[in-house]
Amino acid sequence: MNEYKEKILKICNETCKGTLMETLEIEYIDVGEDFLVAKMPVTKKVYQPDGVLHGGATIALAESVGSAASYIFLNAQEFYVRGIEVSANHLKSISEGEVYAKATFIHKGRTTQLWEIRITDVADNLISLCKLTTISLPKK
């Protein structure tokens, strides 16, 4: 991995300290020209009562990686980025291992951005398909 990627991932992971991302053990692991990937362990900490990954934890992962991607690919010096809508289709259950979230642009506008976030397991099975809309607001 080149220095630029390592720097981006280090910044993303450092911003997680003391946040929900740290609680859920979300870690940013890969970045490219148009995507960001994070992983999250599937443990009892993120279960729903019947012992499978909670949809809310999945959505928190999706919103975290999509929002972080917005900061990376937009000018974070000049804008605040906020999620304004998130949706998810949960397609498969998982009760152990890790899930991976890959955020890619669907639309990169000046004010709003639309992200697709694919949540997969280690075998690349699709667990959830999420969409996140973010808005960029100028810092004053």
# chains A, B, ... in the order shown; residues from 1 in each chain; ligands from 1
$ residues_around --residues "Ile119 of chain A" --least-positions-apart "6" --cutoff "7 Å" --atoms "only C-alpha atoms" --output "list of chain:residue names"
A:Val99, A:Tyr100, A:Ala101, A:Lys102, A:Leu126, A:Ile127, A:Ser128, A:Leu129
$ write_last_selection --atoms "all heavy atoms" --output "compact mmCIF listing (two decimals), in the first residue's frame"
# COMPACT_ATOMS: atom_id res chain seq x y z
N VAL A 99 -17.78 -8.35 8.82
CA VAL A 99 -18.46 -7.81 7.64
C VAL A 99 -17.62 -6.65 7.12
O VAL A 99 -16.92 -5.97 7.88
CB VAL A 99 -19.91 -7.37 7.92
CG1 VAL A 99 -20.82 -8.57 8.08
CG2 VAL A 99 -20.02 -6.45 9.11
N TYR A 100 -17.70 -6.46 5.82
CA TYR A 100 -16.94 -5.43 5.12
C TYR A 100 -17.91 -4.49 4.44
O TYR A 100 -18.89 -4.94 3.84
CB TYR A 100 -16.01 -6.07 4.08
CG TYR A 100 -15.02 -7.00 4.72
CD1 TYR A 100 -15.36 -8.32 5.00
CD2 TYR A 100 -13.76 -6.55 5.09
CE1 TYR A 100 -14.47 -9.17 5.62
CE2 TYR A 100 -12.86 -7.40 5.70
CZ TYR A 100 -13.22 -8.71 5.97
OH TYR A 100 -12.33 -9.55 6.59
N ALA A 101 -17.65 -3.20 4.53
CA ALA A 101 -18.50 -2.19 3.90
C ALA A 101 -17.67 -1.43 2.88
O ALA A 101 -16.65 -0.84 3.23
CB ALA A 101 -19.04 -1.23 4.96
N LYS A 102 -18.12 -1.45 1.63
CA LYS A 102 -17.43 -0.71 0.57
C LYS A 102 -18.35 0.37 0.05
O LYS A 102 -19.42 0.10 -0.49
CB LYS A 102 -17.02 -1.64 -0.57
CG LYS A 102 -16.25 -0.92 -1.67
CD LYS A 102 -15.76 -1.88 -2.72
CE LYS A 102 -14.90 -1.16 -3.75
NZ LYS A 102 -14.39 -2.11 -4.77
N LEU A 126 -23.21 -11.04 -0.30
CA LEU A 126 -23.88 -9.78 0.00
C LEU A 126 -24.79 -9.95 1.21
O LEU A 126 -25.73 -10.75 1.19
CB LEU A 126 -24.67 -9.29 -1.20
CG LEU A 126 -25.30 -7.91 -1.10
CD1 LEU A 126 -24.23 -6.82 -0.89
CD2 LEU A 126 -26.10 -7.60 -2.37
N ILE A 127 -24.50 -9.22 2.29
CA ILE A 127 -25.29 -9.26 3.52
C ILE A 127 -26.36 -8.18 3.48
O ILE A 127 -27.52 -8.43 3.75
CB ILE A 127 -24.39 -9.08 4.76
CG1 ILE A 127 -23.26 -10.11 4.80
CG2 ILE A 127 -25.21 -9.09 6.04
CD1 ILE A 127 -23.71 -11.55 4.85
N SER A 128 -25.97 -6.96 3.13
CA SER A 128 -26.90 -5.82 3.04
C SER A 128 -26.45 -4.90 1.92
O SER A 128 -25.25 -4.76 1.66
CB SER A 128 -26.95 -5.03 4.34
OG SER A 128 -27.44 -5.80 5.41
N LEU A 129 -27.42 -4.26 1.31
CA LEU A 129 -27.16 -3.24 0.30
C LEU A 129 -27.75 -1.94 0.82
O LEU A 129 -28.95 -1.86 1.10
CB LEU A 129 -27.79 -3.61 -1.03
CG LEU A 129 -27.53 -2.66 -2.19
CD1 LEU A 129 -26.04 -2.52 -2.47
CD2 LEU A 129 -28.27 -3.12 -3.43
$ residues_around --residues "Leu74 of chain A" --least-positions-apart "6" --cutoff "9 Å" --atoms "only C-alpha atoms" --output "PyMOL selection string"
chain A and resi 81+110+136
$ write_last_selection --atoms "C-alpha atoms" --output "mmCIF file, in the first residue's frame"
data_model
loop_
_atom_site.group_PDB
_atom_site.id
_atom_site.type_symbol
_atom_site.label_atom_id
_atom_site.label_comp_id
_atom_site.auth_asym_id
_atom_site.auth_seq_id
_atom_site.Cartn_x
_atom_site.Cartn_y
_atom_site.Cartn_z
ATOM 1 C CA VAL A 81 -20.527 16.598 5.669
ATOM 2 C CA ARG A 110 -21.554 19.953 -5.313
ATOM 3 C CA SER A 136 -21.950 19.254 2.094
#
$ closest_residue --among "A:Ala57, A:Met21, A:Val65, A:Leu36" --to "Lys5 of chain A" --atoms "only C-alpha atoms"
A:Leu36
$ closest_residue --among "A:Glu78, A:Glu63, A:Asp34, A:Glu96" --to "Ile117 of chain A" --atoms "only C-alpha atoms"
A:Glu63
$ atom_distance --atom1 "atom CA of Pro41 of chain A" --atom2 "atom CA of Ile26 of chain A"
7.6 Å
$ closest_residue --among "A:Thr58, A:Asn75, A:Ser70, A:Thr43" --to "Thr133 of chain A" --atoms "only C-alpha atoms"
A:Ser70
$ closest_residue --among "A:Lys17, A:Lys108, A:Lys131, A:Lys10" --to "Phe73 of chain A" --atoms "only C-alpha atoms"
A:Lys108
$ residues_around --residues "Thr111 of chain A" --least-positions-apart "4" --cutoff "9 Å" --atoms "only C-alpha atoms" --output "MDAnalysis selection string"
chainID A and resid 134:137
$ select_by_dssp --residues "chain A" --states "helix (DSSP H, G or I)" --output "short mmCIF file (atom, residue, chain, number, x, y, z; two decimals) with all heavy atoms, in the first residue's frame"
data_model
loop_
_atom_site.label_atom_id
_atom_site.label_comp_id
_atom_site.auth_asym_id
_atom_site.auth_seq_id
_atom_site.Cartn_x
_atom_site.Cartn_y
_atom_site.Cartn_z
N GLU A 3 2.09 5.27 0.46
CA GLU A 3 2.06 6.19 1.60
C GLU A 3 0.77 6.99 1.69
O GLU A 3 0.25 7.24 2.78
CB GLU A 3 3.23 7.17 1.52
CG GLU A 3 4.51 6.63 2.10
CD GLU A 3 5.60 7.69 2.09
OE1 GLU A 3 5.37 8.81 2.60
OE2 GLU A 3 6.67 7.38 1.56
N TYR A 4 0.27 7.44 0.52
CA TYR A 4 -0.96 8.24 0.50
C TYR A 4 -2.13 7.45 1.08
O TYR A 4 -2.87 7.95 1.94
CB TYR A 4 -1.26 8.70 -0.93
CG TYR A 4 -2.53 9.50 -1.03
CD1 TYR A 4 -2.60 10.82 -0.56
CD2 TYR A 4 -3.68 8.95 -1.59
CE1 TYR A 4 -3.77 11.55 -0.64
CE2 TYR A 4 -4.85 9.68 -1.68
CZ TYR A 4 -4.88 10.98 -1.21
OH TYR A 4 -6.05 11.70 -1.29
N LYS A 5 -2.30 6.21 0.64
CA LYS A 5 -3.38 5.37 1.16
C LYS A 5 -3.22 5.15 2.66
O LYS A 5 -4.18 5.22 3.42
CB LYS A 5 -3.41 4.01 0.45
CG LYS A 5 -4.00 4.03 -0.91
CD LYS A 5 -4.09 2.61 -1.43
CE LYS A 5 -4.84 2.55 -2.74
NZ LYS A 5 -5.05 1.16 -3.17
N GLU A 6 -2.00 4.84 3.07
CA GLU A 6 -1.75 4.61 4.49
C GLU A 6 -2.09 5.84 5.32
O GLU A 6 -2.66 5.73 6.41
CB GLU A 6 -0.29 4.21 4.71
CG GLU A 6 0.02 2.81 4.24
CD GLU A 6 1.49 2.45 4.40
OE1 GLU A 6 2.24 3.18 5.06
OE2 GLU A 6 1.88 1.40 3.84
N LYS A 7 -1.76 7.02 4.82
CA LYS A 7 -2.05 8.27 5.52
C LYS A 7 -3.56 8.47 5.66
O LYS A 7 -4.06 8.81 6.73
CB LYS A 7 -1.41 9.45 4.79
CG LYS A 7 -1.63 10.78 5.48
CD LYS A 7 -0.96 11.91 4.73
CE LYS A 7 -1.22 13.23 5.41
NZ LYS A 7 -0.62 14.36 4.70
N ILE A 8 -4.30 8.26 4.57
CA ILE A 8 -5.76 8.42 4.58
C ILE A 8 -6.39 7.46 5.59
O ILE A 8 -7.23 7.85 6.41
CB ILE A 8 -6.36 8.18 3.18
CG1 ILE A 8 -5.88 9.22 2.19
CG2 ILE A 8 -7.89 8.10 3.23
CD1 ILE A 8 -6.46 10.59 2.35
N LEU A 9 -5.98 6.19 5.54
CA LEU A 9 -6.55 5.19 6.45
C LEU A 9 -6.20 5.50 7.90
O LEU A 9 -7.04 5.35 8.79
CB LEU A 9 -6.08 3.79 6.06
CG LEU A 9 -6.59 3.29 4.72
CD1 LEU A 9 -5.92 1.97 4.36
CD2 LEU A 9 -8.10 3.17 4.70
N LYS A 10 -4.99 5.98 8.14
CA LYS A 10 -4.59 6.34 9.50
C LYS A 10 -5.46 7.48 10.03
O LYS A 10 -5.95 7.43 11.16
CB LYS A 10 -3.12 6.76 9.53
CG LYS A 10 -2.62 7.09 10.91
CD LYS A 10 -1.15 7.46 10.90
CE LYS A 10 -0.70 7.80 12.32
NZ LYS A 10 0.66 8.30 12.36
N ILE A 11 -5.69 8.49 9.21
CA ILE A 11 -6.54 9.61 9.62
C ILE A 11 -7.96 9.12 9.91
O ILE A 11 -8.55 9.48 10.94
CB ILE A 11 -6.55 10.72 8.54
CG1 ILE A 11 -5.19 11.41 8.49
CG2 ILE A 11 -7.66 11.73 8.81
CD1 ILE A 11 -4.98 12.29 7.28
N CYS A 12 -8.52 8.30 9.02
CA CYS A 12 -9.87 7.77 9.23
C CYS A 12 -9.96 6.99 10.53
O CYS A 12 -10.90 7.17 11.32
CB CYS A 12 -10.29 6.88 8.07
SG CYS A 12 -10.66 7.75 6.54
N ASN A 13 -8.99 6.12 10.78
CA ASN A 13 -9.02 5.30 11.99
C ASN A 13 -8.79 6.12 13.25
O ASN A 13 -9.40 5.85 14.28
CB ASN A 13 -8.02 4.15 11.88
CG ASN A 13 -8.52 3.07 10.93
OD1 ASN A 13 -9.67 2.66 11.00
ND2 ASN A 13 -7.67 2.65 10.02
N GLU A 14 -7.96 7.15 13.18
CA GLU A 14 -7.74 8.00 14.36
C GLU A 14 -8.97 8.80 14.74
O GLU A 14 -9.20 9.08 15.91
CB GLU A 14 -6.54 8.93 14.13
CG GLU A 14 -5.21 8.21 14.21
CD GLU A 14 -4.02 9.09 13.89
OE1 GLU A 14 -4.21 10.26 13.47
OE2 GLU A 14 -2.89 8.60 14.06
N LEU A 20 -18.81 6.12 18.29
CA LEU A 20 -19.55 4.89 18.03
C LEU A 20 -18.71 3.93 17.20
O LEU A 20 -18.77 2.71 17.41
CB LEU A 20 -20.87 5.21 17.31
CG LEU A 20 -21.71 4.00 16.90
CD1 LEU A 20 -22.20 3.24 18.13
CD2 LEU A 20 -22.88 4.43 16.03
N MET A 21 -17.92 4.44 16.28
CA MET A 21 -17.09 3.58 15.44
C MET A 21 -16.12 2.77 16.29
O MET A 21 -15.89 1.60 16.04
CB MET A 21 -16.34 4.37 14.38
CG MET A 21 -17.22 4.86 13.24
SD MET A 21 -18.21 6.32 13.64
CE MET A 21 -16.99 7.59 13.61
N GLU A 22 -15.56 3.39 17.33
CA GLU A 22 -14.67 2.65 18.22
C GLU A 22 -15.46 1.59 19.00
O GLU A 22 -15.01 0.45 19.14
CB GLU A 22 -13.97 3.60 19.19
CG GLU A 22 -13.00 2.88 20.11
CD GLU A 22 -12.26 3.84 21.04
OE1 GLU A 22 -12.92 4.67 21.71
OE2 GLU A 22 -11.03 3.75 21.08
N THR A 23 -16.63 1.95 19.48
CA THR A 23 -17.49 1.00 20.21
C THR A 23 -17.80 -0.23 19.36
O THR A 23 -17.77 -1.35 19.85
CB THR A 23 -18.79 1.69 20.65
OG1 THR A 23 -18.46 2.80 21.49
CG2 THR A 23 -19.71 0.74 21.39
N LYS A 44 -21.16 -10.79 19.81
CA LYS A 44 -22.36 -10.57 20.63
C LYS A 44 -22.65 -9.09 20.81
O LYS A 44 -23.80 -8.69 20.98
CB LYS A 44 -22.21 -11.24 21.99
CG LYS A 44 -22.23 -12.74 21.93
CD LYS A 44 -22.10 -13.35 23.30
CE LYS A 44 -22.13 -14.86 23.19
NZ LYS A 44 -22.06 -15.49 24.51
N LYS A 45 -21.63 -8.26 20.73
CA LYS A 45 -21.78 -6.81 20.91
C LYS A 45 -22.73 -6.21 19.87
O LYS A 45 -23.39 -5.21 20.13
CB LYS A 45 -20.41 -6.14 20.80
CG LYS A 45 -20.40 -4.67 21.09
CD LYS A 45 -19.06 -4.04 20.83
CE LYS A 45 -17.99 -4.55 21.74
NZ LYS A 45 -16.74 -3.77 21.67
N VAL A 46 -22.82 -6.82 18.67
CA VAL A 46 -23.64 -6.26 17.59
C VAL A 46 -24.79 -7.19 17.20
O VAL A 46 -25.38 -7.05 16.13
CB VAL A 46 -22.77 -5.92 16.34
CG1 VAL A 46 -21.81 -4.79 16.66
CG2 VAL A 46 -22.06 -7.14 15.79
N GLY A 55 -29.50 -5.15 12.37
CA GLY A 55 -29.59 -4.24 11.24
C GLY A 55 -29.13 -2.83 11.58
O GLY A 55 -28.55 -2.13 10.75
N GLY A 56 -29.34 -2.41 12.82
CA GLY A 56 -28.90 -1.08 13.25
C GLY A 56 -27.39 -0.97 13.25
O GLY A 56 -26.83 0.08 12.89
N ALA A 57 -26.69 -2.03 13.65
CA ALA A 57 -25.23 -2.03 13.60
C ALA A 57 -24.74 -1.99 12.16
O ALA A 57 -23.78 -1.30 11.82
CB ALA A 57 -24.67 -3.26 14.33
N THR A 58 -25.45 -2.70 11.29
CA THR A 58 -25.11 -2.69 9.86
C THR A 58 -25.26 -1.28 9.29
O THR A 58 -24.40 -0.80 8.56
CB THR A 58 -26.02 -3.67 9.09
OG1 THR A 58 -25.89 -4.97 9.67
CG2 THR A 58 -25.68 -3.72 7.62
N ILE A 59 -26.34 -0.62 9.65
CA ILE A 59 -26.57 0.74 9.16
C ILE A 59 -25.54 1.70 9.73
O ILE A 59 -25.06 2.61 9.03
CB ILE A 59 -28.02 1.18 9.44
CG1 ILE A 59 -28.98 0.37 8.56
CG2 ILE A 59 -28.20 2.68 9.20
CD1 ILE A 59 -30.44 0.56 8.87
N ALA A 60 -25.17 1.52 10.99
CA ALA A 60 -24.12 2.37 11.58
C ALA A 60 -22.81 2.19 10.83
O ALA A 60 -22.10 3.17 10.57
CB ALA A 60 -23.94 2.05 13.06
N LEU A 61 -22.48 0.97 10.46
CA LEU A 61 -21.28 0.71 9.65
C LEU A 61 -21.39 1.40 8.30
O LEU A 61 -20.46 2.09 7.86
CB LEU A 61 -21.08 -0.80 9.47
CG LEU A 61 -19.99 -1.24 8.50
CD1 LEU A 61 -18.62 -0.75 8.95
CD2 LEU A 61 -20.02 -2.76 8.33
N ALA A 62 -22.53 1.25 7.64
CA ALA A 62 -22.73 1.85 6.32
C ALA A 62 -22.62 3.37 6.38
O ALA A 62 -21.93 3.99 5.57
CB ALA A 62 -24.09 1.44 5.74
N GLU A 63 -23.29 3.98 7.35
CA GLU A 63 -23.25 5.44 7.44
C GLU A 63 -21.84 5.92 7.81
O GLU A 63 -21.38 6.95 7.32
CB GLU A 63 -24.27 5.98 8.44
CG GLU A 63 -24.32 7.49 8.41
CD GLU A 63 -25.60 8.09 8.96
OE1 GLU A 63 -26.48 7.35 9.44
OE2 GLU A 63 -25.71 9.33 8.91
N SER A 64 -21.14 5.17 8.63
CA SER A 64 -19.78 5.55 9.01
C SER A 64 -18.84 5.54 7.80
O SER A 64 -18.09 6.50 7.59
CB SER A 64 -19.24 4.59 10.08
OG SER A 64 -20.01 4.69 11.25
N VAL A 65 -18.89 4.49 7.01
CA VAL A 65 -17.97 4.41 5.87
C VAL A 65 -18.37 5.39 4.77
O VAL A 65 -17.52 6.01 4.14
CB VAL A 65 -17.82 2.96 5.35
CG1 VAL A 65 -19.04 2.48 4.60
CG2 VAL A 65 -16.58 2.82 4.48
N GLY A 66 -19.66 5.58 4.55
CA GLY A 66 -20.10 6.54 3.54
C GLY A 66 -19.76 7.97 3.91
O GLY A 66 -19.30 8.76 3.08
N SER A 67 -19.96 8.33 5.18
CA SER A 67 -19.63 9.68 5.63
C SER A 67 -18.13 9.92 5.59
O SER A 67 -17.68 10.99 5.18
CB SER A 67 -20.16 9.91 7.05
OG SER A 67 -21.57 9.89 7.05
N ALA A 68 -17.35 8.93 6.01
CA ALA A 68 -15.90 9.08 5.95
C ALA A 68 -15.44 9.24 4.51
O ALA A 68 -14.54 10.04 4.21
CB ALA A 68 -15.21 7.88 6.61
N ALA A 69 -16.05 8.49 3.60
CA ALA A 69 -15.70 8.62 2.18
C ALA A 69 -16.01 10.03 1.68
O ALA A 69 -15.23 10.60 0.90
CB ALA A 69 -16.44 7.57 1.36
N SER A 70 -17.12 10.60 2.11
CA SER A 70 -17.44 11.97 1.71
C SER A 70 -16.35 12.94 2.14
O SER A 70 -15.94 13.81 1.38
CB SER A 70 -18.78 12.42 2.32
OG SER A 70 -19.85 11.83 1.66
N TYR A 71 -15.85 12.77 3.37
CA TYR A 71 -14.77 13.64 3.84
C TYR A 71 -13.50 13.47 3.00
O TYR A 71 -12.81 14.44 2.72
CB TYR A 71 -14.44 13.36 5.31
CG TYR A 71 -15.38 14.04 6.26
CD1 TYR A 71 -16.36 13.33 6.93
CD2 TYR A 71 -15.31 15.41 6.48
CE1 TYR A 71 -17.23 13.95 7.79
CE2 TYR A 71 -16.18 16.05 7.36
CZ TYR A 71 -17.13 15.31 8.01
OH TYR A 71 -17.99 15.93 8.86
N ILE A 72 -13.22 12.24 2.60
CA ILE A 72 -12.01 11.98 1.82
C ILE A 72 -12.11 12.59 0.42
O ILE A 72 -11.16 13.20 -0.07
CB ILE A 72 -11.78 10.46 1.70
CG1 ILE A 72 -11.38 9.88 3.04
CG2 ILE A 72 -10.69 10.15 0.66
CD1 ILE A 72 -11.39 8.37 3.07
N PHE A 73 -13.25 12.41 -0.21
CA PHE A 73 -13.38 12.77 -1.62
C PHE A 73 -13.92 14.18 -1.86
O PHE A 73 -14.03 14.60 -3.00
CB PHE A 73 -14.23 11.73 -2.36
CG PHE A 73 -13.59 10.38 -2.35
CD1 PHE A 73 -14.17 9.32 -1.68
CD2 PHE A 73 -12.39 10.16 -3.00
CE1 PHE A 73 -13.57 8.06 -1.67
CE2 PHE A 73 -11.77 8.92 -3.00
CZ PHE A 73 -12.36 7.87 -2.33
#
$ closest_residue --among "A:Arg118, A:Arg82, A:Lys92, A:Lys140" --to "Phe35 of chain A" --atoms "only C-alpha atoms"
A:Arg118
